[in-house]
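Engineer: Below is one structure. I have some questions about it.
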Amino acid sequence: MDTNPAPTTTEAAPGTRWVGGCAIAAIILLALVAYGAYALENLEKGIDGYGQMEQAGPSGHVSDPLGPGATAQFEDGLKITVSPPLAAADGAYAFSVTYENGTDSAVRPGGRSREDSVSDIGQAALVVRPGKSHDDYVADYDLDWLNEEASAAALMPPLAEGETRTVPVRIKPTRAGIPVTVEVAVPDAGYRETAYFQLTAG
C-alpha cells in the first residue's frame, strides 16, 4: 500500500503569468532602446570623425569664441585650453595654449614645418592675430608674436595618447587693450573643427 501523498503542483494564475511576461518584455524593450540610442550616438560621432567640439557654454566657433581660461573639448577626447594673458613690464603679454590628448592615439598639435604650425596672419595650426574672431583684417592696431620659433618648436612633435603639452606664447600689441584672437586648428586625417578663443591684451 502506497502511503506517500500524491505530489501537488501549483500553477500560477493566468493573470500573474501575463504580468510577469509584460515586465520581462518591458525590460528587454528598454534595453534595446538604450542600446539603439548608444549606437546612434556613436554612429553620428563616427560619421563626423569625432572632430566636433562639445563643451558647455560658447561653441568655440568663429561667431561664438571661447574666452580666456576656457577649454575646447572635442568628441574624441582632445582638450585645448588657452590661459588668460598676463602683462609683463616691457608691455608684452604672455599666455599659454595647453593640449591634453585624451584620444586613443597620438595627435600632432602643429604642422610638419614652422610655417604650417604658427602664424599671425594666415592659416596654421596655431594662429594668434589682432582683432576679434570675425575680423578679417584690422588696421588700427597690430601685434608682434615675440616667440614664434619657440611656439612652433613646441607644437611640431607628436603628442602621445594621455600626454599634455603647454605651448608658451608671448605677444606685444601696438597698444594695450586690443582684442586678440587665438585660432587652434589641430591637423587631422579626417575632420576637426577649429577652436576660436577671444582674449584682451590689457
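We label chains A, B, ... in the order they appear in the C-alpha cells, count residues from 1 in each chain, and number ligands from 1 in the order shown.
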Do a neighbour search on A:Glu161 at 6 Å with only C-alpha atoms, toss out local chain neighbours closer than 3 positions, and write the hits as a PyMOL selection string.
Structural biologist: chain A and resi 101+104-106
Engineer: Determine, counting only C-alpha atoms, which protein, DNA and RNA residues have an atom within 7 Å of an atom of stretch 176-183 of chain A; residues of the same chain fewer than 2 positions away are not included. Present the result as a ChimeraX atom specification.
Structural biologist: /A:126-133,173,185,194-202
Engineer: Those same residues - N, CA and C atoms - I'd like them written as a PDB file, in the first residue's frame.
Structural biologist:
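Result file follows (again-v4.pdb):
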ATOM      1  N   LEU A 126      48.276  76.955 -35.263  1.00  0.00           N
ATOM      2  CA  LEU A 126      48.038  77.921 -34.189  1.00  0.00           C
ATOM      3  C   LEU A 126      48.194  79.320 -34.762  1.00  0.00           C
ATOM      4  N   VAL A 127      47.106  80.065 -34.758  1.00  0.00           N
ATOM      5  CA  VAL A 127      47.107  81.438 -35.266  1.00  0.00           C
ATOM      6  C   VAL A 127      46.823  82.375 -34.103  1.00  0.00           C
ATOM      7  N   VAL A 128      47.673  83.379 -33.944  1.00  0.00           N
ATOM      8  CA  VAL A 128      47.460  84.431 -32.947  1.00  0.00           C
ATOM      9  C   VAL A 128      47.476  85.744 -33.713  1.00  0.00           C
ATOM     10  N   ARG A 129      46.333  86.414 -33.766  1.00  0.00           N
ATOM     11  CA  ARG A 129      46.212  87.602 -34.608  1.00  0.00           C
ATOM     12  C   ARG A 129      45.463  88.713 -33.889  1.00  0.00           C
ATOM     13  N   PRO A 130      45.706  89.964 -34.282  1.00  0.00           N
ATOM     14  CA  PRO A 130      44.954  91.066 -33.683  1.00  0.00           C
ATOM     15  C   PRO A 130      43.526  91.092 -34.200  1.00  0.00           C
ATOM     16  N   GLY A 131      42.621  91.581 -33.365  1.00  0.00           N
ATOM     17  CA  GLY A 131      41.235  91.707 -33.789  1.00  0.00           C
ATOM     18  C   GLY A 131      40.334  90.665 -33.162  1.00  0.00           C
ATOM     19  N   LYS A 132      39.046  90.853 -33.401  1.00  0.00           N
ATOM     20  CA  LYS A 132      38.058  89.896 -32.921  1.00  0.00           C
ATOM     21  C   LYS A 132      37.990  88.707 -33.874  1.00  0.00           C
ATOM     22  N   SER A 133      37.365  87.641 -33.405  1.00  0.00           N
ATOM     23  CA  SER A 133      37.385  86.393 -34.173  1.00  0.00           C
ATOM     24  C   SER A 133      36.782  86.547 -35.561  1.00  0.00           C
ATOM     25  N   PRO A 173      51.419  93.947 -28.231  1.00  0.00           N
ATOM     26  CA  PRO A 173      50.499  94.736 -29.063  1.00  0.00           C
ATOM     27  C   PRO A 173      51.015  96.162 -29.247  1.00  0.00           C
ATOM     28  N   ALA A 185      43.790  74.989 -34.767  1.00  0.00           N
ATOM     29  CA  ALA A 185      43.322  74.045 -35.787  1.00  0.00           C
ATOM     30  C   ALA A 185      44.267  72.846 -35.799  1.00  0.00           C
ATOM     31  N   THR A 194      37.985  73.997 -36.025  1.00  0.00           N
ATOM     32  CA  THR A 194      38.921  74.978 -35.485  1.00  0.00           C
ATOM     33  C   THR A 194      38.292  75.622 -34.262  1.00  0.00           C
ATOM     34  N   ALA A 195      39.060  75.690 -33.175  1.00  0.00           N
ATOM     35  CA  ALA A 195      38.576  76.317 -31.945  1.00  0.00           C
ATOM     36  C   ALA A 195      39.039  77.770 -31.909  1.00  0.00           C
ATOM     37  N   TYR A 196      38.112  78.677 -31.652  1.00  0.00           N
ATOM     38  CA  TYR A 196      38.410  80.107 -31.587  1.00  0.00           C
ATOM     39  C   TYR A 196      38.326  80.585 -30.138  1.00  0.00           C
ATOM     40  N   PHE A 197      39.325  81.371 -29.746  1.00  0.00           N
ATOM     41  CA  PHE A 197      39.364  81.978 -28.419  1.00  0.00           C
ATOM     42  C   PHE A 197      39.529  83.489 -28.586  1.00  0.00           C
ATOM     43  N   GLN A 198      38.839  84.258 -27.751  1.00  0.00           N
ATOM     44  CA  GLN A 198      38.929  85.718 -27.791  1.00  0.00           C
ATOM     45  C   GLN A 198      39.550  86.218 -26.490  1.00  0.00           C
ATOM     46  N   LEU A 199      40.696  86.902 -26.601  1.00  0.00           N
ATOM     47  CA  LEU A 199      41.397  87.444 -25.443  1.00  0.00           C
ATOM     48  C   LEU A 199      41.474  88.960 -25.559  1.00  0.00           C
ATOM     49  N   THR A 200      41.891  89.598 -24.481  1.00  0.00           N
ATOM     50  CA  THR A 200      42.163  91.030 -24.495  1.00  0.00           C
ATOM     51  C   THR A 200      43.557  91.261 -23.936  1.00  0.00           C
ATOM     52  N   ALA A 201      44.393  91.928 -24.710  1.00  0.00           N
ATOM     53  CA  ALA A 201      45.757  92.231 -24.271  1.00  0.00           C
ATOM     54  C   ALA A 201      45.735  93.542 -23.504  1.00  0.00           C
ATOM     55  N   GLY A 202      45.500  93.457 -22.217  1.00  0.00           N
ATOM     56  CA  GLY A 202      45.455  94.660 -21.404  1.00  0.00           C
ATOM     57  C   GLY A 202      44.129  94.829 -20.715  1.00  0.00           C
TER      58      GLY A 202
END
Engineer: How many Å separate atom CA of A:Asn147 from atom CA of A:Glu100?
Structural biologist: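 Interatomic distance here is 21.7 Å.
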Engineer: Quick one: distance from atom CA of A:Gly162 to atom CA of A:Val107 in Å, one decimal?
Structural biologist: 10.4 Å
Engineer: Please identify which residues in stretch 78-141 of chain A DSSP calls helix (DSSP H, G or I) from the backbone, and express them as a PyMOL selection string.
Structural biologist: chain A and resi 114-117
Engineer: Generate the output file for the selected residues, C-alpha atoms, as a PDB file, in the first residue's frame.
Structural biologist:
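Written output follows (selection-v5.pdb):
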ATOM      1  CA  ARG A 114      57.216  76.108 -38.763  1.00  0.00           C
ATOM      2  CA  GLU A 115      55.064  77.750 -41.437  1.00  0.00           C
ATOM      3  CA  ASP A 116      52.353  75.117 -41.009  1.00  0.00           C
ATOM      4  CA  SER A 117      52.483  75.419 -37.227  1.00  0.00           C
TER       5      SER A 117
END
Engineer: What does the structure give for the distance between atom CA of A:Pro109 and atom CA of A:Ile80, in Å to one decimal?
Structural biologist: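 Atom-to-atom, atom CA of A:Pro109 and atom CA of A:Ile80 are spaced 9.9 Å apart.
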Engineer: Can you pull out every residue within 7 Å of A:Ala92, counting only C-alpha atoms, but drop anything in the same chain fewer than 4 positions away, and send it as a PDB file with N, CA and C atoms, in the first residue's frame?
Structural biologist:
ATOM      1  N   ALA A  87      50.272  90.441 -18.180  1.00  0.00           N
ATOM      2  CA  ALA A  87      51.088  91.562 -18.643  1.00  0.00           C
ATOM      3  C   ALA A  87      52.491  91.490 -18.058  1.00  0.00           C
ATOM      4  N   ALA A  88      53.470  91.886 -18.869  1.00  0.00           N
ATOM      5  CA  ALA A  88      54.861  91.980 -18.427  1.00  0.00           C
ATOM      6  C   ALA A  88      55.264  93.451 -18.378  1.00  0.00           C
ATOM      7  N   ARG A 170      54.127  84.601 -26.384  1.00  0.00           N
ATOM      8  CA  ARG A 170      54.383  85.973 -25.923  1.00  0.00           C
ATOM      9  C   ARG A 170      54.111  86.923 -27.083  1.00  0.00           C
ATOM     10  N   ILE A 171      53.261  87.906 -26.828  1.00  0.00           N
ATOM     11  CA  ILE A 171      52.922  88.884 -27.859  1.00  0.00           C
ATOM     12  C   ILE A 171      53.136  90.293 -27.315  1.00  0.00           C
ATOM     13  N   LYS A 172      53.338  91.226 -28.236  1.00  0.00           N
ATOM     14  CA  LYS A 172      53.437  92.633 -27.845  1.00  0.00           C
ATOM     15  C   LYS A 172      52.539  93.447 -28.763  1.00  0.00           C
TER      16      LYS A 172
END
Engineer: Residues of stretch 6-202 of chain A in strand (DSSP E or B) according to DSSP, as JSON, numbers by chain?
Structural biologist: {"A": [53, 61, 64, 66, 71, 72, 73, 74, 78, 79, 80, 81, 82, 86, 87, 93, 94, 95, 96, 97, 98, 99, 100, 101, 107, 118, 119, 126, 127, 128, 129, 130, 143, 144, 145, 159, 164, 165, 166, 167, 168, 169, 170, 171, 172, 173, 178, 179, 180, 181, 182, 183, 184, 195, 196, 197, 198, 199, 200, 201]}
Engineer: Residues near A:Pro168, anyone? I mean within 8 Å using only C-alpha atoms, not counting same-chain ones fewer than 5 positions away, as a ChimeraX atom specification.
Structural biologist: /A:94-97,150-151
